[in-house]
Amino acid sequence: MMFIDYAPSDDPLIPCEMRLWHGESVTVFVHPREWKKVSMIRLVPMVISSCGVTFTSQVMECSEHFRIAMVDSVTPRDFDVPTHGDYAAEARIDWPLAIPDLLRSGLDASPELLAAWKSLSCDEMRTHIKFILRAHRPGVIAERQLAVLHSLSA
């Protein structure tokens, strides 16, 4: 499979914290001031790096002060550090997972549309994705994805 870069040129890399819980679980915390740089909807797929390990997770807005990701793809044993504690981490949006399927397919099929997409800022991309994902019905979600593709071709 060919790698396609969907990220904007101003793709933010934000600081966050990773907590390893006594060899049992990995949790990522994002401060609200950093969250506003990457938020789209309640869940944002992110690529997180800490202690030499890179993994993906869904960071979610919940009732806590910090935005949280409960990580299933790695365990504390995957890190070369003591099994309990807080560690500095960095996160960025996982654009291939953040972009809805129909929109991503349209970008994949057209180098012109992909170039137009990549010319957008991170805020503009996030605005388009929020517009799409705020719809509740599948038909409306599809219509909004087509509308974004149409606006990119204009």
# chains A, B, ... in the order shown; residues from 1 in each chain; ligands from 1
>>> select_by_dssp(residues="segment 85-145 of chain A", states="strand (DSSP E or B)", output="ChimeraX atom specification")
/A:85-93
>>> residues_around(residues="Ile141 of chain A", least_positions_apart="4", cutoff="12 Å", atoms="only C-alpha atoms", output="list in words")
Pro100, Asp101, Leu102, Leu103, His128, Ile129, Lys130, Phe131, Ile132, Leu133, Arg134, Ala135, His136, Arg137, Gln145, Leu146, Ala147 and Val148 of chain A
>>> write_last_selection(atoms="N, CA and C atoms", output="short mmCIF file (atom, residue, chain, number, x, y, z; two decimals), in the first residue's frame")
data_model
loop_
_atom_site.label_atom_id
_atom_site.label_comp_id
_atom_site.auth_asym_id
_atom_site.auth_seq_id
_atom_site.Cartn_x
_atom_site.Cartn_y
_atom_site.Cartn_z
N PRO A 100 -12.71 11.31 7.05
CA PRO A 100 -13.77 10.33 6.75
C PRO A 100 -13.52 9.60 5.42
N ASP A 101 -14.02 8.38 5.33
CA ASP A 101 -13.72 7.46 4.23
C ASP A 101 -13.98 8.01 2.84
N LEU A 102 -15.15 8.56 2.59
CA LEU A 102 -15.50 9.05 1.26
C LEU A 102 -14.60 10.21 0.85
N LEU A 103 -14.34 11.11 1.78
CA LEU A 103 -13.43 12.23 1.52
C LEU A 103 -12.03 11.71 1.22
N HIS A 128 -13.37 21.51 8.15
CA HIS A 128 -14.07 20.64 7.20
C HIS A 128 -14.47 19.32 7.85
N ILE A 129 -13.56 18.73 8.59
CA ILE A 129 -13.85 17.44 9.23
C ILE A 129 -14.95 17.59 10.28
N LYS A 130 -14.91 18.67 11.06
CA LYS A 130 -15.97 18.92 12.05
C LYS A 130 -17.32 19.08 11.36
N PHE A 131 -17.34 19.81 10.25
CA PHE A 131 -18.57 20.00 9.48
C PHE A 131 -19.15 18.65 9.07
N ILE A 132 -18.31 17.76 8.61
CA ILE A 132 -18.76 16.43 8.17
C ILE A 132 -19.26 15.60 9.35
N LEU A 133 -18.47 15.54 10.41
CA LEU A 133 -18.76 14.62 11.51
C LEU A 133 -19.82 15.11 12.48
N ARG A 134 -20.23 16.36 12.35
CA ARG A 134 -21.33 16.84 13.20
C ARG A 134 -22.68 16.34 12.72
N ALA A 135 -22.73 15.86 11.49
CA ALA A 135 -23.97 15.29 10.97
C ALA A 135 -24.20 13.94 11.67
N HIS A 136 -25.46 13.56 11.84
CA HIS A 136 -25.77 12.32 12.54
C HIS A 136 -26.20 11.21 11.60
N ARG A 137 -26.86 11.56 10.52
CA ARG A 137 -27.37 10.53 9.60
C ARG A 137 -26.31 10.21 8.55
N GLN A 145 -19.35 15.13 2.87
CA GLN A 145 -18.04 14.75 2.33
C GLN A 145 -17.95 15.14 0.86
N LEU A 146 -19.02 14.89 0.13
CA LEU A 146 -19.04 15.27 -1.30
C LEU A 146 -18.97 16.80 -1.46
N ALA A 147 -19.63 17.52 -0.56
CA ALA A 147 -19.58 18.98 -0.60
C ALA A 147 -18.16 19.49 -0.37
N VAL A 148 -17.44 18.87 0.55
CA VAL A 148 -16.05 19.28 0.80
C VAL A 148 -15.20 18.98 -0.44
#
>>> residues_around(residues="Arg126 of chain A", least_positions_apart="4", cutoff="9 Å", atoms="only C-alpha atoms", output="PDB file with N, CA, C and O atoms, in the first residue's frame")
ATOM      1  N   VAL A  38      -5.878  20.682  18.252  1.00  0.00           N
ATOM      2  CA  VAL A  38      -6.096  19.456  17.474  1.00  0.00           C
ATOM      3  C   VAL A  38      -7.541  18.952  17.498  1.00  0.00           C
ATOM      4  O   VAL A  38      -7.888  18.046  16.748  1.00  0.00           O
ATOM      5  N   SER A  39      -8.383  19.508  18.334  1.00  0.00           N
ATOM      6  CA  SER A  39      -9.732  18.965  18.498  1.00  0.00           C
ATOM      7  C   SER A  39     -10.550  19.099  17.221  1.00  0.00           C
ATOM      8  O   SER A  39     -10.408  20.048  16.463  1.00  0.00           O
ATOM      9  N   MET A  40     -11.384  18.105  16.989  1.00  0.00           N
ATOM     10  CA  MET A  40     -12.304  18.101  15.848  1.00  0.00           C
ATOM     11  C   MET A  40     -13.701  17.758  16.327  1.00  0.00           C
ATOM     12  O   MET A  40     -14.633  18.457  16.063  1.00  0.00           O
ATOM     13  N   SER A 121      -4.746  24.964   5.763  1.00  0.00           N
ATOM     14  CA  SER A 121      -4.108  24.967   7.082  1.00  0.00           C
ATOM     15  C   SER A 121      -4.732  23.865   7.937  1.00  0.00           C
ATOM     16  O   SER A 121      -5.803  23.333   7.604  1.00  0.00           O
ATOM     17  N   CYS A 122      -4.107  23.565   9.034  1.00  0.00           N
ATOM     18  CA  CYS A 122      -4.657  22.579   9.964  1.00  0.00           C
ATOM     19  C   CYS A 122      -6.047  23.012  10.444  1.00  0.00           C
ATOM     20  O   CYS A 122      -6.965  22.200  10.492  1.00  0.00           O
ATOM     21  N   LYS A 130     -14.909  18.669  11.063  1.00  0.00           N
ATOM     22  CA  LYS A 130     -15.967  18.915  12.052  1.00  0.00           C
ATOM     23  C   LYS A 130     -17.319  19.078  11.358  1.00  0.00           C
ATOM     24  O   LYS A 130     -18.327  18.547  11.826  1.00  0.00           O
ATOM     25  N   PHE A 131     -17.337  19.805  10.248  1.00  0.00           N
ATOM     26  CA  PHE A 131     -18.571  20.003   9.482  1.00  0.00           C
ATOM     27  C   PHE A 131     -19.151  18.648   9.072  1.00  0.00           C
ATOM     28  O   PHE A 131     -20.360  18.410   9.203  1.00  0.00           O
TER      29      PHE A 131
END
>>> residues_around(residues="Val44 of chain A", least_positions_apart="5", cutoff="12 Å", atoms="only C-alpha atoms", output="PyMOL selection string")
chain A and resi 30+35-39+56-61+67-69+91-100+126+129-130+133
>>> write_last_selection(atoms="N, CA, C and O atoms", output="mmCIF file, in the first residue's frame")
data_model
loop_
_atom_site.group_PDB
_atom_site.id
_atom_site.type_symbol
_atom_site.label_atom_id
_atom_site.label_comp_id
_atom_site.auth_asym_id
_atom_site.auth_seq_id
_atom_site.Cartn_x
_atom_site.Cartn_y
_atom_site.Cartn_z
ATOM 1 N N VAL A 30 -3.953 14.931 27.631
ATOM 2 C CA VAL A 30 -3.695 16.131 26.845
ATOM 3 C C VAL A 30 -4.347 17.310 27.568
ATOM 4 O O VAL A 30 -5.533 17.270 27.902
ATOM 5 N N TRP A 35 -5.247 20.743 23.530
ATOM 6 C CA TRP A 35 -6.363 20.076 22.857
ATOM 7 C C TRP A 35 -7.007 20.984 21.828
ATOM 8 O O TRP A 35 -7.391 20.553 20.749
ATOM 9 N N LYS A 36 -7.114 22.265 22.139
ATOM 10 C CA LYS A 36 -7.776 23.184 21.210
ATOM 11 C C LYS A 36 -7.018 23.300 19.888
ATOM 12 O O LYS A 36 -7.583 23.733 18.892
ATOM 13 N N LYS A 37 -5.774 22.903 19.848
ATOM 14 C CA LYS A 37 -4.982 22.936 18.614
ATOM 15 C C LYS A 37 -5.279 21.752 17.701
ATOM 16 O O LYS A 37 -4.952 21.790 16.516
ATOM 17 N N VAL A 38 -5.878 20.682 18.252
ATOM 18 C CA VAL A 38 -6.096 19.456 17.474
ATOM 19 C C VAL A 38 -7.541 18.952 17.498
ATOM 20 O O VAL A 38 -7.888 18.046 16.748
ATOM 21 N N SER A 39 -8.383 19.508 18.334
ATOM 22 C CA SER A 39 -9.732 18.965 18.498
ATOM 23 C C SER A 39 -10.550 19.099 17.221
ATOM 24 O O SER A 39 -10.408 20.048 16.463
ATOM 25 N N THR A 56 -0.658 4.533 18.254
ATOM 26 C CA THR A 56 -1.861 5.300 17.935
ATOM 27 C C THR A 56 -2.916 5.082 19.010
ATOM 28 O O THR A 56 -2.932 4.055 19.687
ATOM 29 N N SER A 57 -3.779 6.069 19.137
ATOM 30 C CA SER A 57 -4.890 5.961 20.073
ATOM 31 C C SER A 57 -5.920 7.031 19.747
ATOM 32 O O SER A 57 -5.636 7.964 18.997
ATOM 33 N N GLN A 58 -7.088 6.886 20.313
ATOM 34 C CA GLN A 58 -8.151 7.881 20.185
ATOM 35 C C GLN A 58 -8.172 8.705 21.469
ATOM 36 O O GLN A 58 -8.443 8.175 22.540
ATOM 37 N N VAL A 59 -7.856 9.989 21.347
ATOM 38 C CA VAL A 59 -7.921 10.882 22.509
ATOM 39 C C VAL A 59 -9.342 11.433 22.548
ATOM 40 O O VAL A 59 -9.879 11.860 21.531
ATOM 41 N N MET A 60 -9.942 11.391 23.727
ATOM 42 C CA MET A 60 -11.339 11.803 23.818
ATOM 43 C C MET A 60 -11.553 12.908 24.825
ATOM 44 O O MET A 60 -10.828 13.015 25.803
ATOM 45 N N GLU A 61 -12.555 13.700 24.513
ATOM 46 C CA GLU A 61 -13.005 14.734 25.426
ATOM 47 C C GLU A 61 -13.998 14.066 26.363
ATOM 48 O O GLU A 61 -14.946 13.428 25.927
ATOM 49 N N ARG A 67 -7.922 15.868 28.503
ATOM 50 C CA ARG A 67 -8.463 14.955 27.509
ATOM 51 C C ARG A 67 -7.668 13.671 27.634
ATOM 52 O O ARG A 67 -6.459 13.694 27.875
ATOM 53 N N ILE A 68 -8.318 12.524 27.474
ATOM 54 C CA ILE A 68 -7.709 11.254 27.859
ATOM 55 C C ILE A 68 -7.793 10.233 26.734
ATOM 56 O O ILE A 68 -8.786 10.167 26.012
ATOM 57 N N ALA A 69 -6.755 9.418 26.637
ATOM 58 C CA ALA A 69 -6.767 8.254 25.753
ATOM 59 C C ALA A 69 -6.388 7.044 26.588
ATOM 60 O O ALA A 69 -5.350 7.043 27.255
ATOM 61 N N ALA A 91 2.179 14.337 20.642
ATOM 62 C CA ALA A 91 1.090 13.762 19.856
ATOM 63 C C ALA A 91 0.785 14.653 18.658
ATOM 64 O O ALA A 91 1.012 15.868 18.687
ATOM 65 N N ARG A 92 0.304 14.016 17.612
ATOM 66 C CA ARG A 92 -0.171 14.730 16.429
ATOM 67 C C ARG A 92 -1.392 13.987 15.909
ATOM 68 O O ARG A 92 -1.623 12.821 16.249
ATOM 69 N N ILE A 93 -2.171 14.657 15.101
ATOM 70 C CA ILE A 93 -3.373 14.048 14.536
ATOM 71 C C ILE A 93 -2.974 12.922 13.590
ATOM 72 O O ILE A 93 -2.046 13.067 12.804
ATOM 73 N N ASP A 94 -3.670 11.815 13.668
ATOM 74 C CA ASP A 94 -3.488 10.707 12.737
ATOM 75 C C ASP A 94 -4.423 10.994 11.550
ATOM 76 O O ASP A 94 -5.576 10.574 11.524
ATOM 77 N N TRP A 95 -3.932 11.768 10.591
ATOM 78 C CA TRP A 95 -4.770 12.260 9.498
ATOM 79 C C TRP A 95 -5.441 11.162 8.691
ATOM 80 O O TRP A 95 -6.632 11.287 8.368
ATOM 81 N N PRO A 96 -4.775 10.060 8.327
ATOM 82 C CA PRO A 96 -5.483 9.027 7.553
ATOM 83 C C PRO A 96 -6.718 8.481 8.278
ATOM 84 O O PRO A 96 -7.715 8.156 7.652
ATOM 85 N N LEU A 97 -6.654 8.409 9.606
ATOM 86 C CA LEU A 97 -7.819 7.936 10.361
ATOM 87 C C LEU A 97 -8.823 9.053 10.650
ATOM 88 O O LEU A 97 -10.008 8.785 10.829
ATOM 89 N N ALA A 98 -8.359 10.287 10.711
ATOM 90 C CA ALA A 98 -9.241 11.415 11.031
ATOM 91 C C ALA A 98 -10.134 11.798 9.856
ATOM 92 O O ALA A 98 -11.251 12.277 10.045
ATOM 93 N N ILE A 99 -9.635 11.595 8.639
ATOM 94 C CA ILE A 99 -10.391 11.994 7.453
ATOM 95 C C ILE A 99 -11.444 10.930 7.146
ATOM 96 O O ILE A 99 -11.111 9.751 6.995
ATOM 97 N N PRO A 100 -12.709 11.311 7.048
ATOM 98 C CA PRO A 100 -13.770 10.334 6.749
ATOM 99 C C PRO A 100 -13.516 9.605 5.420
ATOM 100 O O PRO A 100 -12.889 10.138 4.498
ATOM 101 N N ARG A 126 -9.451 20.875 9.919
ATOM 102 C CA ARG A 126 -10.264 20.493 11.077
ATOM 103 C C ARG A 126 -11.684 21.038 10.947
ATOM 104 O O ARG A 126 -12.650 20.367 11.308
ATOM 105 N N ILE A 129 -13.556 18.732 8.595
ATOM 106 C CA ILE A 129 -13.854 17.442 9.230
ATOM 107 C C ILE A 129 -14.949 17.594 10.276
ATOM 108 O O ILE A 129 -15.861 16.766 10.372
ATOM 109 N N LYS A 130 -14.909 18.669 11.063
ATOM 110 C CA LYS A 130 -15.967 18.915 12.052
ATOM 111 C C LYS A 130 -17.319 19.078 11.358
ATOM 112 O O LYS A 130 -18.327 18.547 11.826
ATOM 113 N N LEU A 133 -18.470 15.542 10.405
ATOM 114 C CA LEU A 133 -18.759 14.619 11.506
ATOM 115 C C LEU A 133 -19.823 15.114 12.476
ATOM 116 O O LEU A 133 -20.289 14.345 13.314
#
>>> residues_around(residues="Ser50 of chain A", least_positions_apart="2", cutoff="8 Å", atoms="only C-alpha atoms", output="ChimeraX atom specification")
/A:18,48,52-54,87-90
>>> write_last_selection(atoms="C-alpha atoms", output="short mmCIF file (atom, residue, chain, number, x, y, z; two decimals), in the first residue's frame")
data_model
loop_
_atom_site.label_atom_id
_atom_site.label_comp_id
_atom_site.auth_asym_id
_atom_site.auth_seq_id
_atom_site.Cartn_x
_atom_site.Cartn_y
_atom_site.Cartn_z
CA MET A 18 1.78 9.32 29.21
CA ILE A 48 1.68 9.48 20.18
CA GLY A 52 11.17 5.88 22.00
CA VAL A 53 7.82 4.18 21.28
CA THR A 54 5.23 5.46 18.80
CA TYR A 87 6.42 10.46 31.12
CA ALA A 88 6.61 13.30 28.61
CA ALA A 89 5.06 12.54 25.24
CA GLU A 90 4.19 14.25 21.98
#
>>> select_by_dssp(residues="segment 8-62 of chain A", states="helix (DSSP H, G or I)", output="PyMOL selection string")
chain A and resi 32-35
>>> residues_around(residues="Trp117 of chain A", least_positions_apart="5", cutoff="9 Å", atoms="only C-alpha atoms", output="ChimeraX atom specification")
/A:6-8,107,112,125,149,152
>>> residues_around(residues="Asp86 of chain A", least_positions_apart="5", cutoff="12 Å", atoms="only C-alpha atoms", output="JSON, numbers by chain")
{"A": [16, 17, 18, 19, 20, 21, 22, 26, 27, 28, 29, 50, 51, 76, 81]}
>>> write_last_selection(atoms="C-alpha atoms", output="PDB file, in the first residue's frame")
ATOM      1  CA  CYS A  16       1.144  15.564  26.409  1.00  0.00           C
ATOM      2  CA  GLU A  17       1.777  13.082  29.223  1.00  0.00           C
ATOM      3  CA  MET A  18       1.785   9.317  29.208  1.00  0.00           C
ATOM      4  CA  ARG A  19       1.054   7.488  32.452  1.00  0.00           C
ATOM      5  CA  LEU A  20       2.113   3.889  32.929  1.00  0.00           C
ATOM      6  CA  TRP A  21       0.018   2.170  35.607  1.00  0.00           C
ATOM      7  CA  HIS A  22       1.930  -0.560  37.480  1.00  0.00           C
ATOM      8  CA  VAL A  26      -1.112   3.094  29.421  1.00  0.00           C
ATOM      9  CA  THR A  27      -3.053   6.368  29.563  1.00  0.00           C
ATOM     10  CA  VAL A  28      -2.354   9.585  27.674  1.00  0.00           C
ATOM     11  CA  PHE A  29      -3.388  12.994  28.996  1.00  0.00           C
ATOM     12  CA  SER A  50       7.048   8.683  24.226  1.00  0.00           C
ATOM     13  CA  CYS A  51      10.201   7.012  25.498  1.00  0.00           C
ATOM     14  CA  PRO A  76       3.800  -0.599  29.990  1.00  0.00           C
ATOM     15  CA  VAL A  81      11.234   2.560  31.714  1.00  0.00           C
TER      16      VAL A  81
END
>>> atom_distance(atom1="atom CA of Asp11 of chain A", atom2="atom CA of Thr75 of chain A")
27.3 Å
>>> decode(residues="segment 6-63 of chain A", atoms="C-alpha atoms", output="PDB file, in the first residue's frame")
ATOM      1  CA  TYR A   6      -2.749  14.070   4.170  1.00  0.00           C
ATOM      2  CA  ALA A   7      -1.258  16.352   6.832  1.00  0.00           C
ATOM      3  CA  PRO A   8      -1.132  20.135   6.440  1.00  0.00           C
ATOM      4  CA  SER A   9       2.200  21.961   6.385  1.00  0.00           C
ATOM      5  CA  ASP A  10       1.353  23.450   9.797  1.00  0.00           C
ATOM      6  CA  ASP A  11       0.477  20.072  11.363  1.00  0.00           C
ATOM      7  CA  PRO A  12       0.820  20.687  15.123  1.00  0.00           C
ATOM      8  CA  LEU A  13       2.908  18.425  17.346  1.00  0.00           C
ATOM      9  CA  ILE A  14       1.565  18.924  20.860  1.00  0.00           C
ATOM     10  CA  PRO A  15       3.059  18.006  24.228  1.00  0.00           C
ATOM     11  CA  CYS A  16       1.144  15.564  26.409  1.00  0.00           C
ATOM     12  CA  GLU A  17       1.777  13.082  29.223  1.00  0.00           C
ATOM     13  CA  MET A  18       1.785   9.317  29.208  1.00  0.00           C
ATOM     14  CA  ARG A  19       1.054   7.488  32.452  1.00  0.00           C
ATOM     15  CA  LEU A  20       2.113   3.889  32.929  1.00  0.00           C
ATOM     16  CA  TRP A  21       0.018   2.170  35.607  1.00  0.00           C
ATOM     17  CA  HIS A  22       1.930  -0.560  37.480  1.00  0.00           C
ATOM     18  CA  GLY A  23       2.476  -2.710  34.401  1.00  0.00           C
ATOM     19  CA  GLU A  24      -1.255  -2.798  33.677  1.00  0.00           C
ATOM     20  CA  SER A  25      -2.234   0.078  31.407  1.00  0.00           C
ATOM     21  CA  VAL A  26      -1.112   3.094  29.421  1.00  0.00           C
ATOM     22  CA  THR A  27      -3.053   6.368  29.563  1.00  0.00           C
ATOM     23  CA  VAL A  28      -2.354   9.585  27.674  1.00  0.00           C
ATOM     24  CA  PHE A  29      -3.388  12.994  28.996  1.00  0.00           C
ATOM     25  CA  VAL A  30      -3.695  16.131  26.845  1.00  0.00           C
ATOM     26  CA  HIS A  31      -4.073  19.545  28.483  1.00  0.00           C
ATOM     27  CA  PRO A  32      -7.075  21.607  27.237  1.00  0.00           C
ATOM     28  CA  ARG A  33      -4.814  24.418  25.962  1.00  0.00           C
ATOM     29  CA  GLU A  34      -3.103  21.860  23.695  1.00  0.00           C
ATOM     30  CA  TRP A  35      -6.363  20.076  22.857  1.00  0.00           C
ATOM     31  CA  LYS A  36      -7.776  23.184  21.210  1.00  0.00           C
ATOM     32  CA  LYS A  37      -4.982  22.936  18.614  1.00  0.00           C
ATOM     33  CA  VAL A  38      -6.096  19.456  17.474  1.00  0.00           C
ATOM     34  CA  SER A  39      -9.732  18.965  18.498  1.00  0.00           C
ATOM     35  CA  MET A  40     -12.304  18.101  15.848  1.00  0.00           C
ATOM     36  CA  ILE A  41     -15.027  16.159  17.545  1.00  0.00           C
ATOM     37  CA  ARG A  42     -15.277  14.262  20.800  1.00  0.00           C
ATOM     38  CA  LEU A  43     -12.685  11.675  19.614  1.00  0.00           C
ATOM     39  CA  VAL A  44      -9.519  12.493  17.697  1.00  0.00           C
ATOM     40  CA  PRO A  45      -7.258   9.739  16.360  1.00  0.00           C
ATOM     41  CA  MET A  46      -3.680  10.592  17.318  1.00  0.00           C
ATOM     42  CA  VAL A  47      -0.157   9.286  16.859  1.00  0.00           C
ATOM     43  CA  ILE A  48       1.684   9.479  20.184  1.00  0.00           C
ATOM     44  CA  SER A  49       5.424   9.175  20.840  1.00  0.00           C
ATOM     45  CA  SER A  50       7.048   8.683  24.226  1.00  0.00           C
ATOM     46  CA  CYS A  51      10.201   7.012  25.498  1.00  0.00           C
ATOM     47  CA  GLY A  52      11.174   5.879  22.005  1.00  0.00           C
ATOM     48  CA  VAL A  53       7.824   4.175  21.281  1.00  0.00           C
ATOM     49  CA  THR A  54       5.227   5.455  18.795  1.00  0.00           C
ATOM     50  CA  PHE A  55       1.629   4.234  18.950  1.00  0.00           C
ATOM     51  CA  THR A  56      -1.861   5.300  17.935  1.00  0.00           C
ATOM     52  CA  SER A  57      -4.890   5.961  20.073  1.00  0.00           C
ATOM     53  CA  GLN A  58      -8.151   7.881  20.185  1.00  0.00           C
ATOM     54  CA  VAL A  59      -7.921  10.882  22.509  1.00  0.00           C
ATOM     55  CA  MET A  60     -11.339  11.803  23.818  1.00  0.00           C
ATOM     56  CA  GLU A  61     -13.005  14.734  25.426  1.00  0.00           C
ATOM     57  CA  CYS A  62     -14.651  13.549  28.627  1.00  0.00           C
ATOM     58  CA  SER A  63     -15.755  15.000  31.930  1.00  0.00           C
TER      59      SER A  63
END
